[in-house]
>>> print(open('model_17.txt').read())   # compact mmCIF, C-alpha atoms and all ligand atoms
# COMPACT_ATOMS: atom_id res chain seq x y z
CA MET A 1296 -93.63 -13.81 -25.09
CA GLU A 1297 -90.49 -12.10 -23.89
CA MET A 1298 -90.91 -9.31 -21.26
CA GLY A 1299 -89.89 -6.45 -23.58
CA GLU A 1300 -92.35 -7.51 -26.30
CA GLU A 1301 -95.13 -8.02 -23.79
CA LEU A 1302 -94.58 -4.58 -22.25
CA ARG A 1303 -94.52 -2.97 -25.66
CA ALA A 1304 -97.84 -4.63 -26.44
CA TRP A 1305 -99.43 -3.44 -23.18
CA LEU A 1306 -98.19 0.16 -23.05
CA PRO A 1307 -100.35 2.48 -25.17
CA ALA A 1308 -98.54 4.04 -28.14
CA GLY A 1309 -97.54 7.70 -27.93
CA GLY A 1310 -97.26 7.86 -24.13
CA PHE A 1311 -94.68 7.20 -21.43
CA GLY A 1312 -92.76 4.06 -22.29
CA GLU A 1313 -93.09 4.50 -26.05
CA GLU A 1314 -89.31 4.86 -25.92
CA LEU A 1315 -88.61 1.59 -24.11
CA TYR A 1316 -85.37 -0.16 -23.13
CA VAL A 1317 -85.71 -3.61 -21.57
CA PHE A 1318 -82.64 -5.46 -20.24
CA ASP A 1319 -82.10 -8.89 -18.74
CA GLU A 1320 -79.36 -7.39 -16.60
CA VAL A 1321 -77.92 -3.94 -15.85
CA ASP A 1322 -75.95 -2.36 -13.02
CA SER A 1323 -78.77 0.07 -12.21
CA THR A 1324 -81.71 1.17 -14.37
CA ASN A 1325 -81.24 4.69 -12.93
CA THR A 1326 -77.66 4.81 -14.23
CA THR A 1327 -78.75 3.57 -17.68
CA ALA A 1328 -81.65 6.04 -17.83
CA ALA A 1329 -79.38 8.93 -16.74
CA SER A 1330 -76.94 8.24 -19.55
CA LEU A 1331 -79.81 8.00 -22.07
CA ALA A 1332 -81.15 11.32 -20.74
CA GLN A 1333 -77.72 12.94 -21.09
CA ASP A 1334 -77.75 11.79 -24.72
CA GLY A 1335 -81.11 13.57 -25.23
CA ALA A 1336 -83.63 10.77 -24.59
CA PRO A 1337 -87.16 12.24 -24.61
CA GLU A 1338 -89.37 12.64 -21.58
CA GLY A 1339 -91.18 9.39 -20.87
CA THR A 1340 -88.22 7.20 -21.87
CA LEU A 1341 -88.53 4.03 -19.80
CA VAL A 1342 -85.78 1.63 -18.73
CA VAL A 1343 -86.74 -1.74 -17.25
CA ALA A 1344 -84.48 -4.57 -16.09
CA ASP A 1345 -85.13 -8.09 -14.85
CA HIS A 1346 -81.97 -8.10 -12.73
CA GLN A 1347 -79.90 -5.23 -11.31
CA ARG A 1348 -76.34 -6.04 -10.32
CA ARG A 1349 -75.81 -2.83 -8.38
CA GLY A 1350 -79.25 -1.37 -7.77
CA ARG A 1351 -79.18 1.77 -5.65
CA GLY A 1352 -81.44 2.83 -2.82
CA ARG A 1353 -81.78 6.14 -1.01
CA SER A 1354 -78.96 7.51 1.15
CA GLY A 1355 -76.34 5.41 -0.62
CA SER A 1356 -77.89 2.05 0.30
CA ARG A 1357 -78.03 -0.97 -2.00
CA TRP A 1358 -81.24 -2.17 -3.59
CA GLU A 1359 -81.31 -5.86 -4.50
CA THR A 1360 -83.16 -6.94 -7.64
CA PRO A 1361 -82.74 -10.69 -8.14
CA ALA A 1362 -83.83 -11.95 -11.58
CA GLY A 1363 -87.49 -12.89 -12.02
CA THR A 1364 -88.71 -11.47 -8.71
CA ALA A 1365 -89.19 -7.73 -8.88
CA ILE A 1366 -89.89 -4.61 -10.88
CA ALA A 1367 -86.95 -2.28 -11.47
CA LEU A 1368 -87.84 0.67 -13.66
CA SER A 1369 -86.54 4.16 -14.33
CA LEU A 1370 -88.28 6.96 -16.15
CA VAL A 1371 -86.72 10.07 -17.71
CA LEU A 1372 -88.62 13.25 -16.84
CA ARG A 1373 -88.06 16.97 -17.30
CA PRO A 1374 -90.45 18.55 -14.79
CA SER A 1375 -90.54 22.20 -13.80
CA VAL A 1376 -88.34 22.80 -10.77
CA GLU A 1377 -90.90 24.15 -8.29
CA HIS A 1378 -91.77 20.83 -6.70
CA PRO A 1379 -88.76 18.53 -6.07
CA LEU A 1380 -90.41 16.85 -3.09
CA ARG A 1381 -93.44 16.07 -5.23
CA TRP A 1382 -91.20 14.19 -7.69
CA THR A 1383 -90.62 11.39 -5.22
CA GLY A 1384 -94.27 11.50 -4.16
CA LEU A 1385 -95.14 10.92 -7.82
CA GLY A 1386 -93.27 7.62 -7.84
CA ALA A 1387 -94.90 6.44 -4.61
CA LEU A 1388 -98.36 7.48 -5.74
CA ALA A 1389 -98.00 5.65 -9.06
CA VAL A 1390 -96.95 2.44 -7.29
CA ALA A 1391 -99.88 2.84 -4.88
CA ASP A 1392 -102.26 3.28 -7.83
CA GLY A 1393 -100.87 0.15 -9.49
CA LEU A 1394 -101.21 -1.91 -6.30
CA GLN A 1395 -104.77 -0.67 -5.80
CA GLN A 1396 -105.61 -1.95 -9.26
CA GLU A 1397 -104.39 -5.34 -8.04
CA GLY A 1398 -106.99 -5.14 -5.26
CA LEU A 1399 -104.50 -4.24 -2.51
CA THR A 1400 -104.52 -1.40 0.04
CA PRO A 1401 -101.15 0.35 -0.12
CA ARG A 1402 -100.06 3.20 2.12
CA ILE A 1403 -97.24 5.69 1.54
CA LYS A 1404 -94.69 6.16 4.28
CA TRP A 1405 -93.70 9.78 3.66
CA PRO A 1406 -92.11 10.77 1.48
CA ASN A 1407 -91.92 7.84 -0.88
CA ASP A 1408 -91.89 4.31 0.52
CA VAL A 1409 -94.88 2.17 -0.30
CA LEU A 1410 -96.17 -0.16 2.40
CA LEU A 1411 -98.52 -3.12 2.47
CA GLU A 1412 -99.82 -3.85 5.95
CA GLY A 1413 -97.02 -1.80 7.51
CA ARG A 1414 -94.15 -3.40 5.62
CA LYS A 1415 -92.19 -1.86 2.76
CA VAL A 1416 -92.99 -3.26 -0.67
CA ALA A 1417 -91.52 -0.55 -2.91
CA GLY A 1418 -89.06 2.34 -2.87
CA VAL A 1419 -88.40 5.35 -5.05
CA LEU A 1420 -85.09 6.97 -5.91
CA ALA A 1421 -85.37 10.33 -7.68
CA GLU A 1422 -82.04 11.52 -9.10
CA ALA A 1423 -81.88 14.98 -10.63
CA ASP A 1424 -79.13 16.30 -12.88
CA TRP A 1425 -78.69 20.05 -12.34
CA ASP A 1426 -76.84 22.70 -14.28
CA GLY A 1427 -76.75 25.39 -11.56
CA ASP A 1428 -80.42 25.92 -10.77
CA ARG A 1429 -81.55 24.59 -14.14
CA LEU A 1430 -82.75 21.00 -14.16
CA ARG A 1431 -81.28 19.02 -17.05
CA HIS A 1432 -83.34 15.94 -16.33
CA LEU A 1433 -84.82 13.83 -13.58
CA VAL A 1434 -84.58 10.06 -13.39
CA LEU A 1435 -87.35 8.55 -11.32
CA GLY A 1436 -86.36 5.04 -10.27
CA ILE A 1437 -88.88 2.62 -8.78
CA GLY A 1438 -88.25 -0.79 -7.26
CA VAL A 1439 -91.14 -3.11 -6.32
CA ASN A 1440 -90.74 -6.46 -4.56
CA VAL A 1441 -93.21 -8.69 -6.40
CA ARG A 1442 -92.20 -12.22 -5.39
CA ARG A 1443 -90.72 -13.54 -2.16
CA GLY A 1444 -87.24 -13.86 -3.66
CA ALA A 1445 -87.06 -10.06 -3.95
CA VAL A 1446 -87.24 -9.51 -0.20
CA PRO A 1447 -83.74 -9.35 1.32
CA ASP A 1448 -83.41 -11.46 4.46
CA GLN A 1449 -80.91 -9.16 6.13
CA GLY A 1450 -79.53 -5.63 6.19
CA LEU A 1451 -82.94 -3.95 6.29
CA ASP A 1452 -83.73 -0.96 8.45
CA PHE A 1453 -87.49 -1.37 7.97
CA ALA A 1454 -89.56 -4.56 7.66
CA ALA A 1455 -90.10 -5.57 4.02
CA THR A 1456 -92.64 -7.61 2.10
CA CYS A 1457 -93.63 -8.49 -1.47
CA VAL A 1458 -96.79 -7.99 -3.51
CA GLU A 1459 -97.64 -11.67 -3.93
CA GLU A 1460 -97.66 -12.29 -0.19
CA HIS A 1461 -100.59 -9.89 0.13
CA ALA A 1462 -102.32 -10.73 -3.15
CA GLY A 1463 -102.22 -14.44 -2.34
CA ARG A 1464 -101.73 -15.23 -6.04
CA VAL A 1465 -99.25 -14.81 -8.87
CA VAL A 1466 -99.02 -11.16 -9.95
CA SER A 1467 -97.94 -10.27 -13.48
CA ARG A 1468 -94.93 -7.98 -13.44
CA VAL A 1469 -95.81 -6.75 -16.93
CA ARG A 1470 -99.34 -5.84 -15.90
CA LEU A 1471 -98.21 -4.08 -12.71
CA THR A 1472 -95.42 -2.23 -14.56
CA THR A 1473 -97.95 -1.06 -17.16
CA ALA A 1474 -100.33 0.20 -14.47
CA ILE A 1475 -97.50 2.06 -12.70
CA VAL A 1476 -96.25 3.69 -15.92
CA GLN A 1477 -99.75 4.75 -16.93
CA SER A 1478 -100.33 6.25 -13.52
CA LEU A 1479 -96.94 8.03 -13.68
CA GLU A 1480 -98.05 9.66 -16.91
CA ARG A 1481 -101.48 10.66 -15.59
CA ARG A 1482 -100.19 11.94 -12.23
CA PHE A 1483 -97.23 13.73 -13.80
CA ALA A 1484 -99.68 15.90 -15.75
CA GLN A 1485 -101.21 16.95 -12.37
CA LEU A 1486 -97.91 17.32 -10.49
CA GLY A 1487 -98.38 20.97 -9.40
CA SER A 1488 -102.08 20.63 -8.54
CA ALA A 1489 -103.95 20.45 -5.23
CA ARG A 1490 -105.50 17.24 -6.53
CA PHE A 1491 -102.08 15.58 -6.74
CA LEU A 1492 -101.29 16.57 -3.17
CA GLN A 1493 -104.66 15.33 -1.96
CA ALA A 1494 -104.20 11.94 -3.66
CA TRP A 1495 -100.78 11.59 -2.00
CA GLU A 1496 -102.11 12.65 1.40
CA ASP A 1497 -105.11 10.30 1.11
CA ARG A 1498 -102.69 7.39 0.95
CA LEU A 1499 -100.33 8.48 3.72
CA ALA A 1500 -99.51 5.91 6.39
CA TYR A 1501 -99.74 6.93 10.08
CA MET A 1502 -102.08 9.92 9.56
CA GLY A 1503 -102.94 11.37 12.97
CA GLU A 1504 -100.54 8.97 14.66
CA PRO A 1505 -97.30 9.67 16.53
CA VAL A 1506 -94.27 9.58 14.24
CA ARG A 1507 -90.61 10.45 14.42
CA VAL A 1508 -88.84 12.24 11.55
CA GLU A 1509 -85.06 12.31 11.50
CA MET A 1510 -83.62 15.33 9.72
CA GLY A 1511 -79.86 15.07 9.97
CA ARG A 1512 -79.03 15.95 13.57
CA VAL A 1513 -82.56 17.10 14.38
CA THR A 1514 -85.33 14.67 15.25
CA TRP A 1515 -88.97 15.70 15.53
CA GLU A 1516 -91.63 13.67 17.24
CA GLY A 1517 -95.28 14.52 16.85
CA ARG A 1518 -98.60 13.59 15.30
CA LEU A 1519 -98.68 13.44 11.53
CA LEU A 1520 -101.13 16.10 10.34
CA GLY A 1521 -100.69 15.69 6.59
CA LEU A 1522 -98.81 17.42 3.80
CA GLY A 1523 -97.89 21.04 3.17
CA PRO A 1524 -98.06 22.61 -0.31
CA LYS A 1525 -94.61 21.42 -1.39
CA GLY A 1526 -95.29 17.90 -0.14
CA GLU A 1527 -93.59 18.46 3.22
CA ALA A 1528 -94.78 16.39 6.20
CA ARG A 1529 -96.59 18.48 8.85
CA LEU A 1530 -96.22 17.40 12.46
CA LEU A 1531 -97.98 18.63 15.58
CA LEU A 1532 -95.47 18.57 18.44
CA ALA A 1533 -96.38 17.81 22.07
CA ASP A 1534 -95.92 21.50 22.98
CA GLY A 1535 -98.54 22.53 20.41
CA ARG A 1536 -96.11 23.84 17.80
CA GLU A 1537 -96.45 22.72 14.20
CA VAL A 1538 -93.36 21.90 12.14
CA SER A 1539 -92.86 21.07 8.47
CA CYS A 1540 -90.27 18.51 7.38
CA SER A 1541 -89.21 19.00 3.81
CA GLY A 1542 -86.00 17.08 3.12
CA GLU A 1543 -86.35 14.14 0.78
CA ALA A 1544 -83.62 12.20 2.59
CA HIS A 1545 -85.49 12.30 5.89
CA SER A 1546 -86.83 9.12 7.36
CA LEU A 1547 -90.20 8.88 9.04
CA ARG A 1548 -91.04 6.14 11.54
CA PRO A 1549 -94.08 5.34 13.59
CA VAL A 1550 -93.63 5.79 17.33
CA HIS A 1551 -95.28 2.83 18.94
CA SER A 1552 -96.90 3.71 22.20
CA GLY A 1553 -97.64 0.15 23.34
CA PRO A 1554 -95.14 -2.58 24.34
C1 LIG B 1601 -85.20 3.13 -1.57
O1 LIG B 1601 -86.25 2.86 -1.00
O2 LIG B 1601 -84.12 3.15 -0.97
C2 LIG B 1601 -85.24 3.44 -3.05
C3 LIG B 1601 -85.08 2.21 -3.88
C4 LIG B 1601 -85.13 2.49 -5.36
C5 LIG B 1601 -84.78 1.27 -6.17
C6 LIG B 1601 -85.02 1.47 -7.64
S1 LIG B 1601 -84.96 -0.04 -8.54
C7 LIG B 1601 -84.96 0.84 -10.04
C8 LIG B 1601 -84.07 2.03 -9.86
N1 LIG B 1601 -82.67 1.71 -10.12
C9 LIG B 1601 -81.93 1.79 -9.03
O3 LIG B 1601 -80.70 1.55 -8.99
N2 LIG B 1601 -82.65 2.16 -7.98
C10 LIG B 1601 -84.04 2.39 -8.36
>>> encode(input="model_17.txt", output="structure tokens")
Amino acid sequence: MEMGEELRAWLPAGGFGEELYVFDEVDSTNTTAASLAQDGAPEGTLVVADHQRRGRGRSGSRWETPAGTAIALSLVLRPSVEHPLRWTGLGALAVADGLQQEGLTPRIKWPNDVLLEGRKVAGVLAEADWDGDRLRHLVLGIGVNVRRGAVPDQGLDFAATCVEEHAGRVVSRVRLTTAIVQSLERRFAQLGSARFLQAWEDRLAYMGEPVRVEMGRVTWEGRLLGLGPKGEARLLLADGREVSCSGEAHSLRPVHSGP
């Protein structure tokens, strides 16, 4: 069965992904989803592609999606505007849920990278379209490296991996995509809740460990205490002060104490 038909058969009717666009090849699923959203596509519209020619990562980086190796999906959402940082957490949490269903133990490198055994397996790119302070729509883009061919061999600023390396078996992209989309729908309904924040925090990588967060020209180093109410990372600095890091573009790294 072809991927689009298979996905349609797996995704429950009436939920996220009911409005489904599956492509062999696109420039970027986020770009396609944004133009569908501008044309009035409903919340839950899902765009999936086997191959992205010009996939985009955070901070203007490229995101490779070679055919047959990865999951590249984008979802149209229209959330309330109180929780922008939680939007990216939503993507990471949904991927983590999907990987857990595959028997794996994912961790989230704040705010939204998903790790398996310390290496990045998935990334999230949330792109909002604003009219002043009114949100027109949000496109939540998710890329998951499933097979070895998805892992770039150069140009990475953090070690990468793929799902199959950790599962030790073939993993169905349709099944994993379905699990992620179903989790996106379930978690989206809880977006503003304490429960959502707790689920995100429970999966955080480096909890209690020394980390470094780069925020433009400012860099904080401290122990990761957890998340604040907006989804900001809370650090305990060496001088006893506590700081909150709230920018989505910030990058968090472990600070290794040993050699
Ligand atoms: C990152 O970690 O830098 C974010 C990567 C996000 C990649 C996904 S793949 C599907 C969607 N379409 C894109 O062009 N980017 C996102």
>>> residues_near_ligand(input="model_17.txt", ligand="ligand LIG 1601 (chain B)", cutoff="9 Å", atoms="all atoms listed in the file", output="VMD selection string")
chain A and resid 1322 to 1328 1342 to 1344 1347 to 1360 1365 to 1369 1407 to 1409 1415 1417 to 1421 1434 to 1439
>>> residues_around(input="model_17.txt", residues="Gly1517 in chain A", least_positions_apart="6", cutoff="9 Å", atoms="only C-alpha atoms", output="ChimeraX atom specification")
/A:1504-1508,1530-1533,1537-1538,1550
>>> closest_atom_pairs(input="model_17.txt", of="range 1456-1517 of chain A", to="range 1301-1319 of chain A", cutoff="12 Å", atoms="all atoms listed in the file", output="Markdown table")
| residue | atom | partner | partner_atom | distance |
| --- | --- | --- | --- | --- |
| A:Ser1467 | CA | A:Glu1301 | CA | 10.9 |
| A:Arg1468 | CA | A:Leu1302 | CA | 9.4 |
| A:Val1469 | CA | A:Leu1302 | CA | 5.9 |
| A:Arg1470 | CA | A:Trp1305 | CA | 7.7 |
| A:Leu1471 | CA | A:Leu1302 | CA | 10.2 |
| A:Thr1472 | CA | A:Leu1302 | CA | 8.1 |
| A:Thr1473 | CA | A:Leu1306 | CA | 6.0 |
| A:Ala1474 | CA | A:Leu1306 | CA | 8.8 |
| A:Ile1475 | CA | A:Phe1311 | CA | 10.5 |
| A:Val1476 | CA | A:Phe1311 | CA | 6.7 |
| A:Gln1477 | CA | A:Phe1311 | CA | 7.2 |
| A:Ser1478 | CA | A:Phe1311 | CA | 9.8 |
| A:Leu1479 | CA | A:Phe1311 | CA | 8.1 |
| A:Glu1480 | CA | A:Phe1311 | CA | 6.2 |
| A:Arg1481 | CA | A:Phe1311 | CA | 9.6 |
| A:Arg1482 | CA | A:Phe1311 | CA | 11.7 |
| A:Phe1483 | CA | A:Phe1311 | CA | 10.4 |
| A:Ala1484 | CA | A:Phe1311 | CA | 11.5 |
>>> closest_residue(input="model_17.txt", among="A:His1461, A:Arg1431, A:Arg1373, A:Arg1518", to="Glu1338 in chain A", atoms="only C-alpha atoms")
A:Arg1373
>>> atom_distance(input="model_17.txt", atom1="CA of Glu1527 in chain A", atom2="CA of Ser1541 in chain A")
4.5 Å
>>> residues_around(input="model_17.txt", residues="Leu1331 in chain A", least_positions_apart="6", cutoff="9 Å", atoms="only C-alpha atoms", output="list of chain:residue names")
A:Pro1337, A:Thr1340, A:Val1371
>>> write_last_selection(input="model_17.txt", atoms="C-alpha atoms", output="mmCIF file, in the coordinates of the input")
data_model
loop_
_atom_site.group_PDB
_atom_site.id
_atom_site.type_symbol
_atom_site.label_atom_id
_atom_site.label_comp_id
_atom_site.auth_asym_id
_atom_site.auth_seq_id
_atom_site.Cartn_x
_atom_site.Cartn_y
_atom_site.Cartn_z
ATOM 1 C CA PRO A 1337 -87.160 12.240 -24.610
ATOM 2 C CA THR A 1340 -88.220 7.200 -21.870
ATOM 3 C CA VAL A 1371 -86.720 10.070 -17.710
#
>>> closest_residue(input="model_17.txt", among="A:Tyr1501, A:Gly1450, A:Asp1424, A:Asp1534", to="His1551 in chain A", atoms="all atoms listed in the file")
A:Tyr1501
>>> atom_distance(input="model_17.txt", atom1="CA of Glu1397 in chain A", atom2="CA of Thr1456 in chain A")
15.7 Å
>>> closest_residue(input="model_17.txt", among="A:Lys1404, A:His1545, A:Arg1429, A:Arg1498", to="Asp1392 in chain A", atoms="all atoms listed in the file")
A:Arg1498
>>> atom_distance(input="model_17.txt", atom1="CA of Val1441 in chain A", atom2="CA of Gly1413 in chain A")
16.0 Å
>>> closest_residue(input="model_17.txt", among="A:Leu1499, A:Ala1329, A:Val1465, A:Ala1489", to="Trp1425 in chain A", atoms="only C-alpha atoms")
A:Ala1329
>>> closest_residue(input="model_17.txt", among="A:Glu1459, A:Asp1428, A:Glu1496, A:Asp1334", to="Gly1384 in chain A", atoms="only C-alpha atoms")
A:Glu1496
>>> axis_aligned_box(input="model_17.txt", around="range 1525-1532 of chain A", padding_each_side="4 Å", output="JSON")
{"center_x": -95.8, "center_y": 18.9, "center_z": 8.5, "size_x": 12.4, "size_y": 13.0, "size_z": 27.8}
>>> closest_residue(input="model_17.txt", among="A:Glu1422, A:Glu1516, A:Glu1460, A:Asp1345", to="Arg1548 in chain A", atoms="only C-alpha atoms")
A:Glu1516
>>> build_atoms(input="model_17.txt", residues="range 1455-1470 of chain A", atoms="N, CA, C and O atoms", output="PDB file, keeping the file's coordinate frame")
ATOM      1  N   ALA A1455     -89.768  -5.565   5.451  1.00  0.00           N
ATOM      2  CA  ALA A1455     -90.100  -5.570   4.020  1.00  0.00           C
ATOM      3  C   ALA A1455     -91.057  -6.718   3.698  1.00  0.00           C
ATOM      4  O   ALA A1455     -91.189  -7.684   4.440  1.00  0.00           O
ATOM      5  N   THR A1456     -91.719  -6.574   2.557  1.00  0.00           N
ATOM      6  CA  THR A1456     -92.640  -7.610   2.100  1.00  0.00           C
ATOM      7  C   THR A1456     -92.651  -7.618   0.571  1.00  0.00           C
ATOM      8  O   THR A1456     -91.875  -6.896  -0.066  1.00  0.00           O
ATOM      9  N   CYS A1457     -93.503  -8.471  -0.009  1.00  0.00           N
ATOM     10  CA  CYS A1457     -93.630  -8.490  -1.470  1.00  0.00           C
ATOM     11  C   CYS A1457     -95.119  -8.517  -1.836  1.00  0.00           C
ATOM     12  O   CYS A1457     -95.967  -8.884  -1.022  1.00  0.00           O
ATOM     13  N   VAL A1458     -95.404  -8.137  -3.063  1.00  0.00           N
ATOM     14  CA  VAL A1458     -96.790  -7.990  -3.510  1.00  0.00           C
ATOM     15  C   VAL A1458     -97.544  -9.316  -3.416  1.00  0.00           C
ATOM     16  O   VAL A1458     -98.683  -9.374  -2.933  1.00  0.00           O
ATOM     17  N   GLU A1459     -96.914 -10.395  -3.853  1.00  0.00           N
ATOM     18  CA  GLU A1459     -97.640 -11.670  -3.930  1.00  0.00           C
ATOM     19  C   GLU A1459     -98.057 -12.203  -2.573  1.00  0.00           C
ATOM     20  O   GLU A1459     -99.062 -12.900  -2.469  1.00  0.00           O
ATOM     21  N   GLU A1460     -97.285 -11.848  -1.533  1.00  0.00           N
ATOM     22  CA  GLU A1460     -97.660 -12.290  -0.190  1.00  0.00           C
ATOM     23  C   GLU A1460     -99.030 -11.736   0.200  1.00  0.00           C
ATOM     24  O   GLU A1460     -99.818 -12.391   0.871  1.00  0.00           O
ATOM     25  N   HIS A1461     -99.325 -10.533  -0.237  1.00  0.00           N
ATOM     26  CA  HIS A1461    -100.590  -9.890   0.130  1.00  0.00           C
ATOM     27  C   HIS A1461    -101.701 -10.198  -0.868  1.00  0.00           C
ATOM     28  O   HIS A1461    -102.874 -10.250  -0.507  1.00  0.00           O
ATOM     29  N   ALA A1462    -101.309 -10.409  -2.127  1.00  0.00           N
ATOM     30  CA  ALA A1462    -102.320 -10.730  -3.150  1.00  0.00           C
ATOM     31  C   ALA A1462    -102.775 -12.177  -3.003  1.00  0.00           C
ATOM     32  O   ALA A1462    -103.898 -12.524  -3.380  1.00  0.00           O
ATOM     33  N   GLY A1463    -101.885 -13.029  -2.492  1.00  0.00           N
ATOM     34  CA  GLY A1463    -102.220 -14.440  -2.340  1.00  0.00           C
ATOM     35  C   GLY A1463    -102.336 -15.153  -3.683  1.00  0.00           C
ATOM     36  O   GLY A1463    -103.027 -16.170  -3.799  1.00  0.00           O
ATOM     37  N   ARG A1464    -101.691 -14.619  -4.700  1.00  0.00           N
ATOM     38  CA  ARG A1464    -101.730 -15.230  -6.040  1.00  0.00           C
ATOM     39  C   ARG A1464    -100.525 -14.708  -6.831  1.00  0.00           C
ATOM     40  O   ARG A1464     -99.840 -13.780  -6.367  1.00  0.00           O
ATOM     41  N   VAL A1465    -100.336 -15.284  -8.006  1.00  0.00           N
ATOM     42  CA  VAL A1465     -99.250 -14.810  -8.870  1.00  0.00           C
ATOM     43  C   VAL A1465     -99.662 -13.447  -9.451  1.00  0.00           C
ATOM     44  O   VAL A1465    -100.792 -13.272  -9.883  1.00  0.00           O
ATOM     45  N   VAL A1466     -98.747 -12.501  -9.408  1.00  0.00           N
ATOM     46  CA  VAL A1466     -99.020 -11.160  -9.950  1.00  0.00           C
ATOM     47  C   VAL A1466     -98.109 -10.946 -11.161  1.00  0.00           C
ATOM     48  O   VAL A1466     -96.904 -11.199 -11.087  1.00  0.00           O
ATOM     49  N   SER A1467     -98.709 -10.492 -12.249  1.00  0.00           N
ATOM     50  CA  SER A1467     -97.940 -10.270 -13.480  1.00  0.00           C
ATOM     51  C   SER A1467     -97.102  -9.001 -13.355  1.00  0.00           C
ATOM     52  O   SER A1467     -97.643  -7.909 -13.124  1.00  0.00           O
ATOM     53  N   ARG A1468     -95.798  -9.157 -13.518  1.00  0.00           N
ATOM     54  CA  ARG A1468     -94.930  -7.980 -13.440  1.00  0.00           C
ATOM     55  C   ARG A1468     -95.193  -7.039 -14.610  1.00  0.00           C
ATOM     56  O   ARG A1468     -95.096  -5.822 -14.471  1.00  0.00           O
ATOM     57  N   VAL A1469     -95.546  -7.604 -15.764  1.00  0.00           N
ATOM     58  CA  VAL A1469     -95.810  -6.750 -16.930  1.00  0.00           C
ATOM     59  C   VAL A1469     -97.075  -5.923 -16.689  1.00  0.00           C
ATOM     60  O   VAL A1469     -97.101  -4.716 -16.951  1.00  0.00           O
ATOM     61  N   ARG A1470     -98.095  -6.566 -16.136  1.00  0.00           N
ATOM     62  CA  ARG A1470     -99.340  -5.840 -15.900  1.00  0.00           C
ATOM     63  C   ARG A1470     -99.153  -4.742 -14.840  1.00  0.00           C
ATOM     64  O   ARG A1470     -99.601  -3.611 -15.018  1.00  0.00           O
TER      65      ARG A1470
END
